[in-house]
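**Student:** Data file data.txt (compact mmCIF, N, CA and C atoms) is appended below.
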# COMPACT_ATOMS: atom_id res chain seq x y z
N MET M 1 147.31 88.31 125.55
CA MET M 1 147.10 87.16 124.68
C MET M 1 145.69 86.60 124.90
N ILE M 2 144.99 86.38 123.83
CA ILE M 2 143.65 85.82 123.90
C ILE M 2 143.76 84.31 124.03
N LYS M 3 143.03 83.76 124.98
CA LYS M 3 143.08 82.32 125.20
C LYS M 3 142.11 81.60 124.28
N ARG M 4 142.64 80.61 123.58
CA ARG M 4 141.84 79.74 122.73
C ARG M 4 142.18 78.32 123.13
N LYS M 5 141.16 77.52 123.28
CA LYS M 5 141.39 76.12 123.67
C LYS M 5 140.60 75.21 122.76
N LEU M 6 141.22 74.10 122.41
CA LEU M 6 140.59 73.08 121.58
C LEU M 6 140.62 71.78 122.36
N PHE M 7 139.46 71.18 122.50
CA PHE M 7 139.33 69.89 123.17
C PHE M 7 138.76 68.89 122.17
N ILE M 8 139.39 67.73 122.06
CA ILE M 8 138.97 66.72 121.10
C ILE M 8 138.72 65.41 121.84
N SER M 9 137.53 64.84 121.67
CA SER M 9 137.21 63.56 122.31
C SER M 9 138.13 62.46 121.78
N ASP M 10 138.66 61.67 122.70
CA ASP M 10 139.52 60.54 122.32
C ASP M 10 138.78 59.55 121.44
N GLY M 11 137.47 59.41 121.64
CA GLY M 11 136.68 58.45 120.90
C GLY M 11 136.59 58.72 119.40
N LEU M 12 137.03 59.90 118.97
CA LEU M 12 137.00 60.22 117.54
C LEU M 12 138.14 59.56 116.78
N GLY M 13 139.20 59.20 117.48
CA GLY M 13 140.32 58.52 116.84
C GLY M 13 141.05 59.35 115.80
N LEU M 14 141.18 60.63 116.04
CA LEU M 14 141.90 61.49 115.11
C LEU M 14 143.37 61.10 115.04
N ASN M 15 143.95 61.20 113.85
CA ASN M 15 145.38 60.96 113.74
C ASN M 15 146.10 62.27 114.05
N PRO M 16 147.40 62.22 114.33
CA PRO M 16 148.13 63.44 114.71
C PRO M 16 148.04 64.58 113.68
N GLU M 17 148.04 64.24 112.40
CA GLU M 17 147.95 65.28 111.38
C GLU M 17 146.60 66.00 111.45
N GLN M 18 145.53 65.27 111.70
CA GLN M 18 144.21 65.87 111.81
C GLN M 18 144.14 66.81 113.02
N VAL M 19 144.74 66.40 114.12
CA VAL M 19 144.75 67.23 115.33
C VAL M 19 145.49 68.54 115.05
N VAL M 20 146.64 68.45 114.39
CA VAL M 20 147.42 69.65 114.07
C VAL M 20 146.63 70.56 113.13
N LEU M 21 146.02 69.99 112.09
CA LEU M 21 145.22 70.79 111.16
C LEU M 21 144.06 71.47 111.88
N MET M 22 143.41 70.76 112.78
CA MET M 22 142.29 71.34 113.51
C MET M 22 142.75 72.50 114.39
N GLY M 23 143.87 72.32 115.07
CA GLY M 23 144.42 73.39 115.90
C GLY M 23 144.82 74.60 115.06
N ASP M 24 145.49 74.33 113.92
CA ASP M 24 145.87 75.42 113.02
C ASP M 24 144.63 76.17 112.53
N PHE M 25 143.59 75.42 112.23
CA PHE M 25 142.36 76.05 111.73
C PHE M 25 141.74 76.95 112.79
N CYS M 26 141.69 76.49 114.02
CA CYS M 26 141.11 77.32 115.10
C CYS M 26 141.90 78.61 115.26
N ASN M 27 143.23 78.53 115.19
CA ASN M 27 144.05 79.73 115.28
C ASN M 27 143.85 80.63 114.07
N PHE M 28 143.72 80.04 112.90
CA PHE M 28 143.46 80.79 111.67
C PHE M 28 142.14 81.55 111.81
N CYS M 29 141.12 80.88 112.30
CA CYS M 29 139.82 81.53 112.50
C CYS M 29 139.93 82.67 113.50
N ALA M 30 140.66 82.45 114.57
CA ALA M 30 140.80 83.48 115.59
C ALA M 30 141.43 84.75 115.01
N ASP M 31 142.31 84.58 114.04
CA ASP M 31 142.92 85.74 113.39
C ASP M 31 141.94 86.46 112.47
N HIS M 32 140.86 85.78 112.06
CA HIS M 32 139.89 86.38 111.14
C HIS M 32 138.63 86.91 111.84
N PHE M 33 138.49 86.61 113.10
CA PHE M 33 137.35 87.10 113.88
C PHE M 33 137.88 87.95 115.03
N PRO M 34 137.42 89.16 115.16
CA PRO M 34 137.89 90.00 116.27
C PRO M 34 137.18 89.65 117.59
N ILE M 35 137.26 88.39 117.98
CA ILE M 35 136.59 87.94 119.21
C ILE M 35 137.50 88.24 120.40
N THR M 36 136.97 89.00 121.33
CA THR M 36 137.75 89.32 122.52
C THR M 36 137.40 88.33 123.63
N GLY M 37 138.34 88.08 124.48
CA GLY M 37 138.09 87.20 125.62
C GLY M 37 138.32 85.73 125.35
N GLY M 38 138.67 85.37 124.14
CA GLY M 38 138.97 83.98 123.83
C GLY M 38 137.74 83.12 123.65
N PHE M 39 138.00 81.84 123.36
CA PHE M 39 136.91 80.89 123.16
C PHE M 39 137.43 79.47 123.33
N LYS M 40 136.49 78.55 123.49
CA LYS M 40 136.81 77.13 123.59
C LYS M 40 136.02 76.39 122.53
N VAL M 41 136.67 75.42 121.90
CA VAL M 41 136.03 74.56 120.90
C VAL M 41 136.15 73.13 121.38
N PHE M 42 135.01 72.45 121.47
CA PHE M 42 134.97 71.03 121.83
C PHE M 42 134.51 70.25 120.60
N VAL M 43 135.31 69.28 120.16
CA VAL M 43 134.92 68.40 119.07
C VAL M 43 134.68 67.05 119.72
N VAL M 44 133.44 66.59 119.67
CA VAL M 44 133.02 65.47 120.52
C VAL M 44 132.40 64.34 119.70
N ASP M 45 132.26 63.19 120.37
CA ASP M 45 131.69 62.01 119.72
C ASP M 45 130.32 61.62 120.27
N ASP M 46 129.74 62.48 121.12
CA ASP M 46 128.43 62.19 121.71
C ASP M 46 127.59 63.47 121.70
N ARG M 47 126.63 63.51 120.82
CA ARG M 47 125.79 64.69 120.64
C ARG M 47 124.93 64.97 121.88
N GLU M 48 124.29 63.94 122.43
CA GLU M 48 123.40 64.12 123.58
C GLU M 48 124.13 64.62 124.81
N LEU M 49 125.24 63.98 125.12
CA LEU M 49 126.02 64.32 126.31
C LEU M 49 126.45 65.78 126.31
N HIS M 50 126.68 66.32 125.11
CA HIS M 50 127.21 67.68 124.99
C HIS M 50 126.18 68.70 124.54
N ASP M 51 124.90 68.32 124.53
CA ASP M 51 123.81 69.24 124.21
C ASP M 51 123.99 69.88 122.84
N ILE M 52 124.17 69.02 121.83
CA ILE M 52 124.31 69.48 120.45
C ILE M 52 123.10 68.96 119.67
N PRO M 53 122.16 69.82 119.33
CA PRO M 53 120.94 69.37 118.66
C PRO M 53 121.15 68.95 117.20
N THR M 54 122.16 69.51 116.52
CA THR M 54 122.40 69.17 115.12
C THR M 54 123.86 68.72 114.97
N THR M 55 124.65 69.43 114.16
CA THR M 55 126.06 69.07 114.02
C THR M 55 126.97 69.97 114.84
N ALA M 56 126.46 71.10 115.29
CA ALA M 56 127.29 72.01 116.09
C ALA M 56 126.39 72.99 116.83
N ALA M 57 126.96 73.59 117.87
CA ALA M 57 126.20 74.56 118.66
C ALA M 57 127.14 75.59 119.26
N TYR M 58 126.67 76.82 119.30
CA TYR M 58 127.37 77.89 120.00
C TYR M 58 126.61 78.12 121.30
N HIS M 59 127.30 77.99 122.40
CA HIS M 59 126.67 78.20 123.70
C HIS M 59 126.93 79.66 124.10
N ARG M 60 125.94 80.47 123.82
CA ARG M 60 126.07 81.91 123.98
C ARG M 60 126.37 82.30 125.43
N GLY M 61 127.10 83.37 125.53
CA GLY M 61 127.45 83.91 126.82
C GLY M 61 128.64 83.21 127.48
N ARG M 62 129.05 82.09 126.90
CA ARG M 62 130.18 81.33 127.49
C ARG M 62 131.34 81.20 126.52
N ASN M 63 131.18 81.70 125.30
CA ASN M 63 132.19 81.58 124.25
C ASN M 63 132.66 80.14 124.08
N ILE M 64 131.69 79.24 124.04
CA ILE M 64 131.96 77.82 123.85
C ILE M 64 131.25 77.33 122.60
N ILE M 65 132.01 76.60 121.79
CA ILE M 65 131.47 75.97 120.59
C ILE M 65 131.64 74.47 120.76
N LYS M 66 130.59 73.73 120.46
CA LYS M 66 130.66 72.27 120.49
C LYS M 66 130.28 71.74 119.12
N VAL M 67 131.10 70.83 118.61
CA VAL M 67 130.91 70.27 117.28
C VAL M 67 130.87 68.76 117.39
N TYR M 68 129.86 68.17 116.79
CA TYR M 68 129.75 66.72 116.72
C TYR M 68 130.66 66.25 115.60
N GLY M 69 131.63 65.39 115.91
CA GLY M 69 132.63 65.00 114.93
C GLY M 69 132.58 63.58 114.44
N LYS M 70 131.75 62.74 115.04
CA LYS M 70 131.73 61.32 114.67
C LYS M 70 131.21 61.11 113.25
N ASN M 71 131.97 60.33 112.47
CA ASN M 71 131.60 59.98 111.09
C ASN M 71 131.46 61.18 110.17
N ARG M 72 132.24 62.22 110.41
CA ARG M 72 132.21 63.41 109.56
C ARG M 72 133.60 63.65 108.96
N ALA M 73 133.62 64.17 107.76
CA ALA M 73 134.89 64.54 107.13
C ALA M 73 135.49 65.72 107.89
N LEU M 74 136.80 65.76 107.92
CA LEU M 74 137.49 66.83 108.64
C LEU M 74 137.06 68.21 108.14
N VAL M 75 136.96 68.39 106.84
CA VAL M 75 136.57 69.69 106.30
C VAL M 75 135.18 70.09 106.79
N ASP M 76 134.28 69.14 106.97
CA ASP M 76 132.93 69.46 107.47
C ASP M 76 132.96 69.89 108.93
N ILE M 77 133.81 69.26 109.72
CA ILE M 77 133.97 69.66 111.12
C ILE M 77 134.52 71.08 111.20
N LEU M 78 135.53 71.36 110.38
CA LEU M 78 136.12 72.69 110.38
C LEU M 78 135.12 73.74 109.92
N ARG M 79 134.31 73.40 108.94
CA ARG M 79 133.28 74.33 108.47
C ARG M 79 132.29 74.65 109.61
N SER M 80 131.95 73.64 110.39
CA SER M 80 131.05 73.86 111.53
C SER M 80 131.69 74.79 112.56
N ILE M 81 132.98 74.63 112.79
CA ILE M 81 133.68 75.52 113.74
C ILE M 81 133.59 76.96 113.25
N ALA M 82 133.90 77.20 111.97
CA ALA M 82 133.85 78.56 111.42
C ALA M 82 132.43 79.12 111.45
N HIS M 83 131.45 78.29 111.17
CA HIS M 83 130.05 78.71 111.20
C HIS M 83 129.68 79.21 112.60
N GLU M 84 130.01 78.42 113.60
CA GLU M 84 129.66 78.79 114.97
C GLU M 84 130.47 79.99 115.47
N LEU M 85 131.72 80.12 115.03
CA LEU M 85 132.50 81.31 115.39
C LEU M 85 131.88 82.56 114.78
N THR M 86 131.30 82.42 113.60
CA THR M 86 130.59 83.56 113.00
C THR M 86 129.41 83.95 113.88
N HIS M 87 128.67 82.96 114.37
CA HIS M 87 127.57 83.28 115.29
C HIS M 87 128.08 83.94 116.57
N MET M 88 129.22 83.48 117.06
CA MET M 88 129.79 84.10 118.26
C MET M 88 130.09 85.58 118.00
N GLN M 89 130.68 85.87 116.85
CA GLN M 89 130.99 87.25 116.50
C GLN M 89 129.71 88.06 116.34
N GLN M 90 128.68 87.48 115.74
CA GLN M 90 127.40 88.17 115.60
C GLN M 90 126.82 88.52 116.97
N MET M 91 126.95 87.60 117.91
CA MET M 91 126.46 87.87 119.28
C MET M 91 127.24 89.00 119.94
N ILE M 92 128.55 88.97 119.79
CA ILE M 92 129.40 90.01 120.38
C ILE M 92 129.01 91.38 119.83
N GLU M 93 128.65 91.40 118.56
CA GLU M 93 128.26 92.65 117.91
C GLU M 93 126.79 92.99 118.14
N ASN M 94 126.09 92.21 118.97
CA ASN M 94 124.67 92.43 119.27
C ASN M 94 123.80 92.47 118.02
N ARG M 95 124.09 91.59 117.07
CA ARG M 95 123.34 91.55 115.82
C ARG M 95 122.30 90.44 115.80
N ILE M 96 122.30 89.59 116.81
CA ILE M 96 121.36 88.48 116.84
C ILE M 96 120.20 88.81 117.77
N THR M 97 119.00 88.64 117.27
CA THR M 97 117.81 88.72 118.11
C THR M 97 117.12 87.36 118.05
N PHE M 98 116.49 87.01 119.12
CA PHE M 98 115.89 85.68 119.24
C PHE M 98 114.39 85.76 119.11
N PRO M 99 113.79 84.73 118.54
CA PRO M 99 114.41 83.52 118.00
C PRO M 99 115.08 83.80 116.65
N VAL M 100 116.19 83.12 116.40
CA VAL M 100 116.91 83.27 115.14
C VAL M 100 116.26 82.36 114.10
N GLN M 101 116.11 82.89 112.90
CA GLN M 101 115.58 82.08 111.80
C GLN M 101 116.58 80.98 111.50
N ASP M 102 116.16 79.72 111.64
CA ASP M 102 117.05 78.57 111.54
C ASP M 102 117.48 78.27 110.11
N VAL M 103 116.63 78.52 109.15
CA VAL M 103 116.95 78.26 107.75
C VAL M 103 116.81 79.56 106.99
N GLY M 104 117.89 79.94 106.30
CA GLY M 104 117.87 81.19 105.58
C GLY M 104 117.93 82.37 106.53
N GLY M 105 117.71 83.52 106.03
CA GLY M 105 117.78 84.73 106.84
C GLY M 105 119.21 85.25 106.91
N GLU M 106 119.34 86.50 107.21
CA GLU M 106 120.64 87.18 107.20
C GLU M 106 121.67 86.54 108.12
N ILE M 107 121.30 86.22 109.33
CA ILE M 107 122.25 85.69 110.32
C ILE M 107 122.79 84.33 109.89
N GLU M 108 121.90 83.43 109.53
CA GLU M 108 122.32 82.07 109.14
C GLU M 108 123.05 82.08 107.80
N ASP M 109 122.57 82.87 106.87
CA ASP M 109 123.24 82.96 105.57
C ASP M 109 124.66 83.49 105.71
N GLU M 110 124.85 84.49 106.56
CA GLU M 110 126.18 85.04 106.79
C GLU M 110 127.10 83.97 107.39
N ALA M 111 126.60 83.21 108.34
CA ALA M 111 127.43 82.17 108.97
C ALA M 111 127.82 81.10 107.96
N ASN M 112 126.89 80.70 107.10
CA ASN M 112 127.20 79.72 106.06
C ASN M 112 128.23 80.26 105.07
N SER M 113 128.04 81.47 104.64
CA SER M 113 128.94 82.09 103.67
C SER M 113 130.33 82.28 104.24
N LYS M 114 130.40 82.82 105.44
CA LYS M 114 131.69 83.09 106.08
C LYS M 114 132.45 81.78 106.33
N ALA M 115 131.75 80.73 106.73
CA ALA M 115 132.40 79.44 106.98
C ALA M 115 133.04 78.91 105.70
N GLY M 116 132.32 78.99 104.58
CA GLY M 116 132.88 78.55 103.30
C GLY M 116 134.08 79.37 102.88
N GLU M 117 134.00 80.67 103.11
CA GLU M 117 135.09 81.58 102.77
C GLU M 117 136.35 81.25 103.59
N ILE M 118 136.17 81.00 104.87
CA ILE M 118 137.32 80.71 105.74
C ILE M 118 137.94 79.36 105.39
N ILE M 119 137.11 78.37 105.09
CA ILE M 119 137.63 77.06 104.68
C ILE M 119 138.53 77.22 103.46
N LYS M 120 138.07 77.93 102.45
CA LYS M 120 138.85 78.12 101.23
C LYS M 120 140.13 78.90 101.51
N SER M 121 140.02 79.96 102.29
CA SER M 121 141.21 80.76 102.62
C SER M 121 142.25 79.93 103.37
N PHE M 122 141.78 79.12 104.30
CA PHE M 122 142.69 78.26 105.07
C PHE M 122 143.39 77.27 104.14
N ALA M 123 142.64 76.59 103.29
CA ALA M 123 143.21 75.59 102.39
C ALA M 123 144.19 76.20 101.41
N GLN M 124 143.96 77.42 101.00
CA GLN M 124 144.84 78.08 100.04
C GLN M 124 146.04 78.76 100.69
N SER M 125 146.04 78.88 102.01
CA SER M 125 147.10 79.61 102.69
C SER M 125 148.42 78.85 102.78
N GLU M 126 148.37 77.53 102.78
CA GLU M 126 149.57 76.69 102.82
C GLU M 126 149.25 75.38 102.12
N GLU M 127 150.20 74.83 101.42
CA GLU M 127 149.99 73.60 100.67
C GLU M 127 149.50 72.46 101.56
N LYS M 128 150.10 72.29 102.73
CA LYS M 128 149.72 71.17 103.61
C LYS M 128 148.29 71.28 104.11
N ARG M 129 147.75 72.47 104.11
CA ARG M 129 146.38 72.67 104.61
C ARG M 129 145.32 72.16 103.63
N LYS M 130 145.69 71.91 102.40
CA LYS M 130 144.75 71.36 101.42
C LYS M 130 144.35 69.94 101.79
N ARG M 131 145.06 69.33 102.71
CA ARG M 131 144.75 67.96 103.13
C ARG M 131 143.43 67.87 103.88
N ILE M 132 142.84 69.01 104.25
CA ILE M 132 141.53 68.97 104.90
C ILE M 132 140.47 68.39 103.98
N TYR M 133 140.72 68.43 102.67
CA TYR M 133 139.75 67.93 101.70
C TYR M 133 139.85 66.43 101.43
N GLU M 134 140.92 65.81 101.88
CA GLU M 134 141.15 64.40 101.54
C GLU M 134 140.17 63.49 102.27
N SER M 135 139.65 62.53 101.53
CA SER M 135 138.66 61.61 102.10
C SER M 135 139.25 60.73 103.18
N LYS M 136 140.55 60.48 103.17
CA LYS M 136 141.13 59.66 104.22
C LYS M 136 141.11 60.37 105.57
N ASN M 137 140.78 61.67 105.55
CA ASN M 137 140.65 62.40 106.80
C ASN M 137 139.30 62.21 107.45
N ARG M 138 138.45 61.38 106.85
CA ARG M 138 137.14 61.12 107.43
C ARG M 138 137.34 60.47 108.80
N ILE M 139 136.66 60.97 109.77
CA ILE M 139 136.81 60.47 111.13
C ILE M 139 135.87 59.29 111.31
N LYS M 140 136.41 58.16 111.61
CA LYS M 140 135.65 56.92 111.69
C LYS M 140 135.03 56.72 113.08
N ASP M 141 133.94 56.02 113.09
CA ASP M 141 133.30 55.61 114.33
C ASP M 141 134.01 54.35 114.79
N ARG M 142 134.78 54.42 115.87
CA ARG M 142 135.57 53.29 116.34
C ARG M 142 134.76 52.32 117.19
N SER M 143 133.49 52.64 117.44
CA SER M 143 132.69 51.77 118.29
C SER M 143 132.12 50.59 117.52
N ARG M 144 132.27 50.59 116.22
CA ARG M 144 131.70 49.51 115.40
C ARG M 144 132.68 48.38 115.21
Take the structure in this file and express it as structure tokens.
**Tutor:**
Amino acid sequence: MIKRKLFISDGLGLNPEQVVLMGDFCNFCADHFPITGGFKVFVVDDRELHDIPTTAAYHRGRNIIKVYGKNRALVDILRSIAHELTHMQQMIENRITFPVQDVGGEIEDEANSKAGEIIKSFAQSEEKRKRIYESKNRIKDRSR
């Protein structure tokens, strides 16, 4: 059994339905990526503390993905997870050479495309999964 772990910062204030959808999505992604050895996904509320320069980061060699979740719609967080899992798969397949072109280019375009494809497939796979698109799933900043 491949180990997959999802860690969610308490400060994001996710409701139980959002947590379940996020977990289901990570498992759905794992079934679509032949990643061996498992992975960990951290959805956090502090970009600096977790070394996330933009909205998400794949920490190569450790099979760790970190996603900044504060003030983002659930569907956008899930898209970031799929995007970074695509990069993880690209690394496993030795298809990434550094430095990676940050905007455009084959590697980044594939990650963007695959993330959109997985989001749509997930939402269409079960009626309840379409709730990822609902605006009430926006994760609020509770510090205000």
**Student:** Identify all residues of chain M in helix (DSSP H, G or I) (DSSP on the backbone) and supply them as a ChimeraX atom specification.
**Tutor:** /M:10-12,16-32,74-92,105-125,127-133,135-137
**Student:** Can you measure atom C of Asn63 in chain M to atom C of Val41 in chain M for me? One decimal in Å is fine.
**Tutor:** 8.3 Å
**Student:** At a cut-off of 8 Å, using all atoms listed in the file, what residues contact range 117-121 of chain M? Leave out same-chain residues fewer than 6 positions from it and give the result as a list in words.
**Tutor:**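 The contact residues come out as Phe28, Cys29, Val75, Leu78, Arg79, Ala82 and Ala111 of chain M.
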**Student:** State, in Å with one decimal place, the distance from atom C of Leu12 in chain M to atom C of Phe25 in chain M.
**Tutor:**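 Computing it gives 18.2 Å between the two atoms.
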**Student:** Around (138.7, 80.0, 124.0), as given in the file, which residues come within 6.5 Å? Count all atoms listed in the file and list them as a VMD selection string.
**Tutor:** chain M and resid 3 to 5 37 to 41 63
**Student:** Quick check, in Å to one decimal: how far apart do CA of Ile65 in chain M and CA of Ser80 in chain M lie?
**Tutor:** 9.3 Å
**Student:** Determine the nearest neighbour of Ala57 in chain M from the options M:Ala73, M:Ile81, M:Leu14, M:Ile35, counting all atoms listed in the file.
**Tutor:**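 Using all atoms listed in the file, Ala57 in chain M sits closest to M:Ile81.
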**Student:** Find the spatial neighbours of Thr55 in chain M, counting only N, CA and C atoms, within a cut-off of 6.5 Å - ignore same-chain residues fewer than 4 positions away - and output them as a count of residues only.
**Tutor:** 3
**Student:** Kindly extract all protein, DNA and RNA residues lying within 8 Å of the coordinates (128.1, 80.5, 121.7) given in the file, considering only C-alpha atoms, and supply them as a PyMOL selection string.
**Tutor:** chain M and resi 57-65+84-85+87-88+91
**Student:** Got a sec to tell me which of chain M DSSP assigns to strand (DSSP E), as a list in words?
**Tutor:** Arg4, Lys5, Leu6, Phe7, Ile8, Phe39, Lys40, Val41, Phe42, Val43, Val44, Ala56, Ala57, Tyr58, His59, Ile64, Ile65, Lys66, Val67 and Tyr68 of chain M
**Student:** Can you work out which one of M:Asn71, M:Thr36, M:Gln124, M:Ser113 has the shortest atom-to-atom distance to Gln89 in chain M, counting all atoms listed in the file?
**Tutor:**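 Of M:Asn71, M:Thr36, M:Gln124, M:Ser113, the one nearest Gln89 in chain M, counting all atoms listed in the file, is M:Thr36.
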**Student:** Go through M:Asp31, M:Asp76, M:Asp46, M:Glu17 and flag the residue nearest Gly116 in chain M, using only C-alpha atoms for the distances.
**Tutor:** M:Asp76
